[in-house]
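Data from structure-v4.cif: mmCIF, C-alpha atoms and all ligand atoms
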```cif
data_work
loop_
_atom_site.label_atom_id
_atom_site.label_comp_id
_atom_site.auth_asym_id
_atom_site.auth_seq_id
_atom_site.Cartn_x
_atom_site.Cartn_y
_atom_site.Cartn_z
CA MET A 1 94.72 96.49 98.80
CA THR A 2 95.82 100.09 99.35
CA ASP A 3 93.30 102.18 101.29
CA PRO A 4 91.97 104.96 99.03
CA GLN A 5 91.50 107.34 101.98
CA PRO A 6 93.94 108.53 104.64
CA VAL A 7 94.45 105.85 107.27
CA TYR A 8 94.46 106.80 110.95
CA SER A 9 95.53 104.04 113.30
CA PHE A 10 96.45 103.53 116.94
CA GLU A 11 99.24 101.37 118.32
CA LEU A 12 99.02 99.51 121.65
CA PHE A 13 101.49 97.35 123.51
CA PRO A 14 100.42 94.27 125.51
CA PRO A 15 100.17 95.05 129.23
CA LYS A 16 102.24 92.89 131.56
CA THR A 17 99.76 92.65 134.44
CA PRO A 18 96.01 92.04 134.88
CA GLU A 19 95.73 95.59 136.28
CA GLY A 20 97.44 96.97 133.21
CA PHE A 21 95.10 95.01 130.99
CA ALA A 22 92.01 96.24 132.86
CA LYS A 23 93.26 99.80 132.45
CA LEU A 24 93.98 99.28 128.76
CA LYS A 25 90.37 98.28 128.12
CA GLY A 26 89.14 101.65 129.35
CA GLN A 27 91.71 103.50 127.21
CA VAL A 28 90.76 101.49 124.13
CA GLU A 29 87.06 102.21 124.61
CA ARG A 30 87.83 105.92 124.51
CA LEU A 31 90.16 105.61 121.54
CA ALA A 32 87.81 103.32 119.59
CA ALA A 33 85.09 105.98 119.92
CA LEU A 34 87.25 108.23 117.70
CA GLY A 35 86.84 105.82 114.78
CA PRO A 36 90.41 104.89 113.76
CA ARG A 37 90.83 102.56 110.79
CA TYR A 38 92.50 99.93 113.02
CA PHE A 39 94.44 99.25 116.21
CA SER A 40 97.83 97.54 116.02
CA VAL A 41 99.35 95.51 118.85
CA THR A 42 103.11 95.10 119.28
CA TYR A 43 104.82 91.72 119.57
CA GLY A 44 108.15 91.04 121.26
CA ALA A 45 110.69 89.35 119.00
CA GLY A 46 111.39 85.73 119.93
CA GLY A 47 107.81 85.49 121.25
CA SER A 48 108.69 87.47 124.39
CA THR A 49 105.20 89.07 124.61
CA ARG A 50 103.33 86.26 122.88
CA ALA A 51 100.73 85.62 125.61
CA GLY A 52 100.08 89.34 126.16
CA THR A 53 99.83 90.07 122.44
CA PHE A 54 97.34 87.22 122.00
CA GLU A 55 95.27 88.35 124.97
CA THR A 56 95.12 91.91 123.66
CA VAL A 57 94.36 90.86 120.07
CA ASP A 58 91.71 88.38 121.26
CA TRP A 59 90.00 91.03 123.35
CA LEU A 60 90.02 93.59 120.50
CA ARG A 61 88.59 91.00 118.14
CA SER A 62 85.88 90.08 120.66
CA ARG A 63 84.87 93.76 120.50
CA GLN A 64 84.83 93.56 116.67
CA ILE A 65 87.64 96.11 116.49
CA ASP A 66 89.78 95.99 113.35
CA THR A 67 93.13 94.72 114.61
CA ALA A 68 96.58 94.46 113.06
CA PRO A 69 98.91 92.29 115.16
CA HIS A 70 102.61 93.04 114.79
CA LEU A 71 104.74 90.04 113.92
CA ALA A 72 108.47 90.28 114.61
CA CYS A 73 110.27 87.38 112.97
CA ILE A 74 113.81 87.42 114.35
CA GLY A 75 114.45 84.39 116.56
CA SER A 76 111.40 82.53 115.19
CA THR A 77 111.20 79.43 113.03
CA ARG A 78 109.08 79.13 109.92
CA ALA A 79 106.85 76.64 111.74
CA GLU A 80 106.22 79.15 114.55
CA VAL A 81 105.37 81.95 112.16
CA ARG A 82 103.15 79.60 110.14
CA GLU A 83 101.19 78.79 113.28
CA LEU A 84 100.82 82.47 114.20
CA LEU A 85 99.55 83.28 110.73
CA ARG A 86 97.00 80.49 110.86
CA ARG A 87 95.80 81.62 114.29
CA TYR A 88 95.36 85.20 113.10
CA ARG A 89 93.66 84.20 109.88
CA ASP A 90 91.22 81.97 111.79
CA GLN A 91 90.38 84.99 113.96
CA GLY A 92 89.46 87.07 110.96
CA ILE A 93 92.60 89.22 111.04
CA GLN A 94 93.22 90.87 107.68
CA ARG A 95 96.14 93.17 108.38
CA LEU A 96 99.59 92.55 109.87
CA VAL A 97 102.59 94.71 110.70
CA ALA A 98 105.56 92.60 109.55
CA LEU A 99 108.88 93.31 111.25
CA ARG A 100 112.28 91.89 111.88
CA GLY A 101 112.24 92.98 115.52
CA ASP A 102 115.08 93.22 118.00
CA LEU A 103 115.73 90.25 120.24
CA PRO A 104 115.46 91.14 123.92
CA SER A 105 118.90 91.22 125.55
CA GLY A 106 119.80 87.81 126.89
CA MET A 107 118.04 85.89 124.11
CA GLY A 108 121.17 85.76 121.96
CA THR A 109 121.17 86.32 118.22
CA GLY A 110 121.10 82.82 116.83
CA ALA A 111 118.14 81.52 118.87
CA ALA A 112 116.45 79.09 116.47
CA GLY A 113 115.84 81.91 114.03
CA GLU A 114 115.02 81.16 110.41
CA PHE A 115 114.46 84.78 109.36
CA ARG A 116 117.15 87.44 109.14
CA TYR A 117 115.26 90.44 107.79
CA ALA A 118 111.69 91.69 107.49
CA ASN A 119 111.66 91.27 103.68
CA GLU A 120 111.99 87.51 104.24
CA LEU A 121 108.94 87.59 106.51
CA VAL A 122 106.92 89.55 103.96
CA SER A 123 107.84 87.00 101.25
CA PHE A 124 106.91 84.15 103.59
CA ILE A 125 103.48 85.63 104.38
CA ARG A 126 102.77 86.19 100.68
CA ALA A 127 103.95 82.64 99.79
CA GLU A 128 101.75 81.07 102.49
CA HIS A 129 98.66 83.29 102.33
CA GLY A 130 98.69 85.09 98.99
CA ASP A 131 96.83 88.39 99.25
CA HIS A 132 94.78 87.49 102.32
CA PHE A 133 96.64 89.90 104.63
CA ALA A 134 97.31 93.58 104.04
CA ILE A 135 100.95 93.91 105.10
CA GLU A 136 102.43 96.99 106.74
CA VAL A 137 106.19 97.29 107.19
CA ALA A 138 108.41 99.70 109.14
CA ALA A 139 110.15 102.68 107.54
CA TYR A 140 112.82 104.99 108.98
CA PRO A 141 112.85 108.62 107.77
CA GLU A 142 115.98 109.20 109.90
CA PHE A 143 117.31 105.79 108.88
CA HIS A 144 117.63 102.58 110.83
CA PRO A 145 120.41 102.75 113.43
CA GLN A 146 122.07 99.56 112.16
CA ALA A 147 122.07 100.56 108.48
CA PRO A 148 125.58 101.15 107.12
CA ASN A 149 124.35 104.20 105.21
CA PRO A 150 121.07 105.84 104.07
CA ASN A 151 121.27 104.46 100.53
CA ARG A 152 121.58 100.87 101.70
CA ASP A 153 118.73 101.40 104.16
CA LEU A 154 116.55 102.73 101.34
CA ASP A 155 117.47 99.72 99.18
CA ASN A 156 116.51 97.46 102.06
CA PHE A 157 113.21 99.29 102.51
CA VAL A 158 112.49 98.81 98.79
CA ARG A 159 113.13 95.06 99.23
CA LYS A 160 110.23 94.87 101.70
CA VAL A 161 107.93 96.64 99.29
CA ASP A 162 109.06 94.45 96.39
CA ALA A 163 108.41 91.40 98.58
CA GLY A 164 104.75 92.45 98.79
CA ALA A 165 104.20 95.10 101.50
CA ASP A 166 101.08 97.18 100.92
CA ALA A 167 102.05 100.16 103.06
CA ALA A 168 104.61 101.37 105.57
CA ILE A 169 104.46 103.00 108.99
CA THR A 170 107.40 105.12 109.99
CA GLN A 171 109.44 105.25 113.15
CA TYR A 172 108.49 108.44 114.99
CA PHE A 173 110.33 111.65 114.22
CA TYR A 174 109.92 115.35 115.02
CA ASN A 175 111.45 116.75 111.84
CA ALA A 176 108.87 116.82 109.05
CA ASP A 177 111.57 117.42 106.42
CA ALA A 178 113.15 114.06 107.25
CA TYR A 179 109.81 112.42 106.41
CA PHE A 180 109.25 114.34 103.17
CA GLY A 181 112.85 113.71 102.08
CA PHE A 182 112.47 110.00 102.78
CA VAL A 183 109.19 109.80 100.83
CA ASP A 184 110.78 111.63 97.86
CA ALA A 185 113.74 109.22 97.89
CA CYS A 186 111.36 106.25 97.94
CA ARG A 187 109.29 107.65 95.05
CA GLU A 188 112.52 108.14 93.06
CA ARG A 189 113.17 104.44 93.58
CA GLY A 190 109.73 103.59 92.20
CA VAL A 191 108.01 102.91 95.54
CA THR A 192 104.34 103.89 95.31
CA VAL A 193 102.87 102.42 98.52
CA PRO A 194 101.57 104.80 101.22
CA ILE A 195 104.16 105.72 103.86
CA VAL A 196 102.21 106.68 106.97
CA PRO A 197 104.03 108.82 109.58
CA GLY A 198 104.29 107.31 113.06
CA ILE A 199 103.41 109.94 115.68
CA MET A 200 104.74 109.81 119.23
CA PRO A 201 102.94 112.19 121.61
CA ILE A 202 105.32 113.90 124.06
CA THR A 203 104.28 113.32 127.66
CA ASN A 204 107.40 112.15 129.50
CA TYR A 205 110.87 113.43 128.70
CA ALA A 206 112.96 110.71 130.38
CA GLN A 207 111.05 107.93 128.61
CA LEU A 208 111.13 109.69 125.25
CA ALA A 209 114.88 110.31 125.51
CA ARG A 210 115.48 106.64 126.35
CA PHE A 211 113.37 105.39 123.43
CA SER A 212 114.92 107.85 121.04
CA ASP A 213 118.47 106.86 121.96
CA ALA A 214 117.56 103.20 121.41
CA CYS A 215 115.72 103.52 118.10
CA GLY A 216 117.71 106.30 116.46
CA ALA A 217 114.84 108.83 116.35
CA GLU A 218 116.18 112.33 116.78
CA ILE A 219 114.71 114.81 119.24
CA PRO A 220 115.81 118.15 117.74
CA ARG A 221 118.05 120.10 120.08
CA TRP A 222 115.61 122.97 120.59
CA ILE A 223 112.86 120.52 121.62
CA ARG A 224 115.21 118.57 123.88
CA ARG A 225 116.39 121.76 125.59
CA ARG A 226 112.84 123.00 126.17
CA LEU A 227 111.75 119.60 127.54
CA GLU A 228 114.76 119.44 129.85
CA GLY A 229 113.95 122.94 131.06
CA PHE A 230 110.51 121.94 132.35
CA GLY A 231 112.02 119.69 135.03
CA ASP A 232 109.18 118.36 137.20
CA ASP A 233 106.60 120.72 135.72
CA LEU A 234 104.67 118.01 133.87
CA GLY A 235 101.77 120.29 132.97
CA SER A 236 103.99 122.71 131.05
CA LEU A 237 105.96 119.86 129.46
CA ARG A 238 102.78 118.23 128.17
CA ALA A 239 101.34 121.50 126.91
CA PHE A 240 104.55 122.22 124.99
CA GLY A 241 104.77 118.61 123.74
CA HIS A 242 101.22 118.78 122.52
CA ASP A 243 101.84 121.98 120.57
CA VAL A 244 104.98 120.52 118.95
CA VAL A 245 103.26 117.31 117.88
CA LEU A 246 100.10 119.09 116.75
CA ALA A 247 102.15 121.38 114.49
CA LEU A 248 104.04 118.36 113.14
CA CYS A 249 100.81 116.48 112.33
CA ARG A 250 99.34 119.52 110.60
CA ARG A 251 102.43 119.97 108.47
CA LEU A 252 102.49 116.29 107.55
CA LEU A 253 98.83 116.22 106.52
CA GLU A 254 99.11 119.49 104.60
CA GLY A 255 102.14 118.04 102.83
CA GLY A 256 100.16 115.00 101.67
CA ALA A 257 100.86 112.33 104.32
CA PRO A 258 98.45 109.44 103.69
CA GLY A 259 97.27 109.26 107.32
CA LEU A 260 98.84 109.07 110.78
CA HIS A 261 99.74 106.13 113.04
CA PHE A 262 99.67 107.16 116.70
CA TYR A 263 101.98 105.44 119.18
CA THR A 264 99.42 105.79 121.96
CA MET A 265 101.60 104.20 124.68
CA ASN A 266 98.26 102.79 125.93
CA GLN A 267 97.08 106.25 126.98
CA SER A 268 94.04 107.75 125.37
CA SER A 269 94.24 111.42 126.43
CA PRO A 270 97.25 112.71 124.42
CA THR A 271 96.05 111.06 121.20
CA GLN A 272 92.42 112.09 121.80
CA ARG A 273 93.44 115.71 122.17
CA LEU A 274 95.56 115.67 119.02
CA TRP A 275 92.75 113.98 117.14
CA ARG A 276 90.22 116.57 118.24
CA GLU A 277 92.40 119.55 117.45
CA LEU A 278 93.36 118.14 114.05
CA GLY A 279 89.65 117.95 113.28
CA LEU A 280 89.79 114.21 112.63
CA THR A 281 86.44 113.55 114.31
CA ASP A 282 85.17 112.48 110.93
CA PRO A 283 88.13 111.02 108.97
CA GLY A 284 85.86 110.52 105.94
CA LYS A 285 85.19 114.24 105.80
CA ILE A 286 88.90 115.07 106.08
CA ALA A 287 89.67 112.63 103.27
CA ASN A 288 87.06 114.18 100.98
CA SER A 289 88.25 117.69 101.60
CA GLN A 290 91.82 116.90 100.50
P1 LIG B 1 114.40 95.26 108.58
O1 LIG B 1 113.56 95.91 107.55
O2 LIG B 1 114.74 93.83 108.40
O3 LIG B 1 115.73 96.14 108.72
C1 LIG B 1 116.63 95.94 109.80
C2 LIG B 1 118.02 96.40 109.41
O4 LIG B 1 118.59 95.48 108.48
C3 LIG B 1 118.09 97.77 108.73
O5 LIG B 1 119.30 98.37 109.12
C4 LIG B 1 118.10 97.42 107.24
O6 LIG B 1 118.78 98.40 106.47
C5 LIG B 1 118.84 96.10 107.22
N1 LIG B 1 118.34 95.17 106.20
C6 LIG B 1 117.03 94.92 105.93
N2 LIG B 1 116.93 93.97 104.98
C7 LIG B 1 118.17 93.61 104.66
C8 LIG B 1 118.70 92.66 103.73
N3 LIG B 1 117.89 91.89 102.99
N4 LIG B 1 120.06 92.55 103.65
C9 LIG B 1 120.87 93.32 104.42
N5 LIG B 1 120.42 94.23 105.31
C10 LIG B 1 119.08 94.37 105.44
N6 LIG B 1 109.90 95.71 117.23
C11 LIG B 1 109.41 94.62 117.88
O7 LIG B 1 110.19 93.80 118.37
N7 LIG B 1 108.06 94.40 117.99
C12 LIG B 1 107.16 95.24 117.44
O8 LIG B 1 105.95 95.02 117.55
C13 LIG B 1 107.64 96.40 116.73
N8 LIG B 1 106.79 97.26 116.11
C14 LIG B 1 107.30 98.29 115.34
C15 LIG B 1 106.41 99.10 114.61
C16 LIG B 1 106.89 100.12 113.81
C17 LIG B 1 105.91 100.95 113.02
C18 LIG B 1 108.28 100.39 113.75
C19 LIG B 1 108.80 101.53 112.92
C20 LIG B 1 109.17 99.60 114.46
C21 LIG B 1 108.69 98.53 115.25
N9 LIG B 1 109.54 97.68 115.96
C22 LIG B 1 109.05 96.59 116.65
C23 LIG B 1 111.00 97.94 115.96
C24 LIG B 1 111.70 97.15 114.83
O9 LIG B 1 111.51 95.77 115.01
C25 LIG B 1 113.19 97.52 114.89
O10 LIG B 1 113.36 98.83 114.44
C26 LIG B 1 114.12 96.54 114.18
O11 LIG B 1 115.46 96.90 114.52
C27 LIG B 1 114.03 96.56 112.66
O12 LIG B 1 112.87 96.00 112.21
P2 LIG B 1 112.49 96.10 110.64
O13 LIG B 1 111.30 95.29 110.44
O14 LIG B 1 112.47 97.51 110.23
O15 LIG B 1 113.79 95.36 110.03
#
```
The structure given in the file should be rewritten as structure tokens.
Amino acid sequence: MTDPQPVYSFELFPPKTPEGFAKLKGQVERLAALGPRYFSVTYGAGGSTRAGTFETVDWLRSRQIDTAPHLACIGSTRAEVRELLRRYRDQGIQRLVALRGDLPSGMGTGAAGEFRYANELVSFIRAEHGDHFAIEVAAYPEFHPQAPNPNRDLDNFVRKVDAGADAAITQYFYNADAYFGFVDACRERGVTVPIVPGIMPITNYAQLARFSDACGAEIPRWIRRRLEGFGDDLGSLRAFGHDVVLALCRRLLEGGAPGLHFYTMNQSSPTQRLWRELGLTDPGKIANSQ
């Protein structure tokens, strides 16, 4: 089930308002024209974005766009996940991003949940649907913030692969060596599945700093200081952010990364520009030249 060529994919989140959804459609049209392998759509643990995720997935499918819904299992029962899987299979979905998720604050931790970790979800999907779905899981080159130590986190990542994951998408990072070190450590543990870097364009410092603090992704000090220094000068901040991320993508691809997964934040322009300057206009051609 592993894709033989580099996989380039775009992540979306479900908009909260009809206006946001109308805007998303325009952004997706522009992104779809680039020819990614698939779009993925996030899902709030405990079903907190259920309606929005369905609406977004349904619309993508109605446009015949290859879609990978995310499925975050924490706070869900087996019956609920079973129903989601049937819905997606009936829609012709063939790829899922299987996650534990983080329960939104206020939902509590014991809320009717029958899954504790993502490896249990991967096993459940395989037990219920065999090889029907290609399963992506999350990976953390700078390690998951709740992991007691890197070795245990790596062991836990291996569990997801052993449970049947076909590939992994990483949390975003700005230090390429963290990614290469993580991939080497996985290979030493016998993991052979593709580990696709997650790429977060830099367009808004306050938002990026907030996300990074929450998910444990490091913004290297020199980048943080430069971004802080731009203040309200958004044009300069975006130009610098673009150069940083472009250089990161180049290094990752030159070092053998099996594709890129762009966290688009529902905005086409930053990803489009990276795509163009990386020369990905024809991913097939890139794949053949490697
Ligand atoms: P797990 O792999 O279960 O790991 C969670 C923690 O538990 C880690 O510290 C791990 O070391 C530990 N652990 C794992 N298995 C075991 C075990 N068997 N025994 C003991 N410890 C274990 N969140 C959402 O809510 N919705 C989304 O759509 C979403 N999409 C994402 C997409 C990507 C590509 C990434 C990288 C993250 C995404 N997230 C999403 C965030 C993710 O849900 C959080 O990072 C969450 O905290 C962990 O999810 P996981 O699937 O990696 O969990």
Using only C-alpha atoms and all ligand atoms, find each protein or nucleic acid residue lying at most 8 Å from ligand LIG 1 (chain B); present the set as a PyMOL selection string.
chain A and resi 13+41-45+69-72+97-103+116-120+137-140+143-148+152-157+159-160+168-172+198+215
Store the residues picked out above in a file with C-alpha atoms, as a compact mmCIF listing (two decimals), keeping the file's coordinate frame.
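again.txt, written as the output of this step:
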```
# COMPACT_ATOMS: atom_id res chain seq x y z
CA PHE A 13 101.49 97.35 123.51
CA VAL A 41 99.35 95.51 118.85
CA THR A 42 103.11 95.10 119.28
CA TYR A 43 104.82 91.72 119.57
CA GLY A 44 108.15 91.04 121.26
CA ALA A 45 110.69 89.35 119.00
CA PRO A 69 98.91 92.29 115.16
CA HIS A 70 102.61 93.04 114.79
CA LEU A 71 104.74 90.04 113.92
CA ALA A 72 108.47 90.28 114.61
CA VAL A 97 102.59 94.71 110.70
CA ALA A 98 105.56 92.60 109.55
CA LEU A 99 108.88 93.31 111.25
CA ARG A 100 112.28 91.89 111.88
CA GLY A 101 112.24 92.98 115.52
CA ASP A 102 115.08 93.22 118.00
CA LEU A 103 115.73 90.25 120.24
CA ARG A 116 117.15 87.44 109.14
CA TYR A 117 115.26 90.44 107.79
CA ALA A 118 111.69 91.69 107.49
CA ASN A 119 111.66 91.27 103.68
CA GLU A 120 111.99 87.51 104.24
CA VAL A 137 106.19 97.29 107.19
CA ALA A 138 108.41 99.70 109.14
CA ALA A 139 110.15 102.68 107.54
CA TYR A 140 112.82 104.99 108.98
CA PHE A 143 117.31 105.79 108.88
CA HIS A 144 117.63 102.58 110.83
CA PRO A 145 120.41 102.75 113.43
CA GLN A 146 122.07 99.56 112.16
CA ALA A 147 122.07 100.56 108.48
CA PRO A 148 125.58 101.15 107.12
CA ARG A 152 121.58 100.87 101.70
CA ASP A 153 118.73 101.40 104.16
CA LEU A 154 116.55 102.73 101.34
CA ASP A 155 117.47 99.72 99.18
CA ASN A 156 116.51 97.46 102.06
CA PHE A 157 113.21 99.29 102.51
CA ARG A 159 113.13 95.06 99.23
CA LYS A 160 110.23 94.87 101.70
CA ALA A 168 104.61 101.37 105.57
CA ILE A 169 104.46 103.00 108.99
CA THR A 170 107.40 105.12 109.99
CA GLN A 171 109.44 105.25 113.15
CA TYR A 172 108.49 108.44 114.99
CA GLY A 198 104.29 107.31 113.06
CA CYS A 215 115.72 103.52 118.10
```
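Using all atoms listed in the file, the smallest distance between any of A:Ile65, A:Ala51, A:Ile135, A:Val161 and Arg189 of chain A comes from A:Val161.
The environment of segment 255-260 of chain A within 7 Å, counting all atoms listed in the file and disregarding residues fewer than 3 places along the same chain, consists of Pro6, Val7, Tyr8, Ser9, Pro194, Ile195, Val196, Pro197, Gly198, Ile199, Arg251 and Leu252 of chain A.
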Expressed in Å to a single decimal, how great is the separation between atom CA of Gln5 of chain A and atom CA of Asp162 of chain A?
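Separating atom CA of Gln5 of chain A from atom CA of Asp162 of chain A is a distance of 22.5 Å.
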One decimal, in Å: what's the spacing between atom CA of Val245 of chain A and atom CA of Met200 of chain A?
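These two atoms are separated by 7.8 Å.
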Work out how far atom CA of Ala163 of chain A is from atom CA of Asp184 of chain A, in Å to one decimal.
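Computing it gives 20.4 Å between the two atoms.
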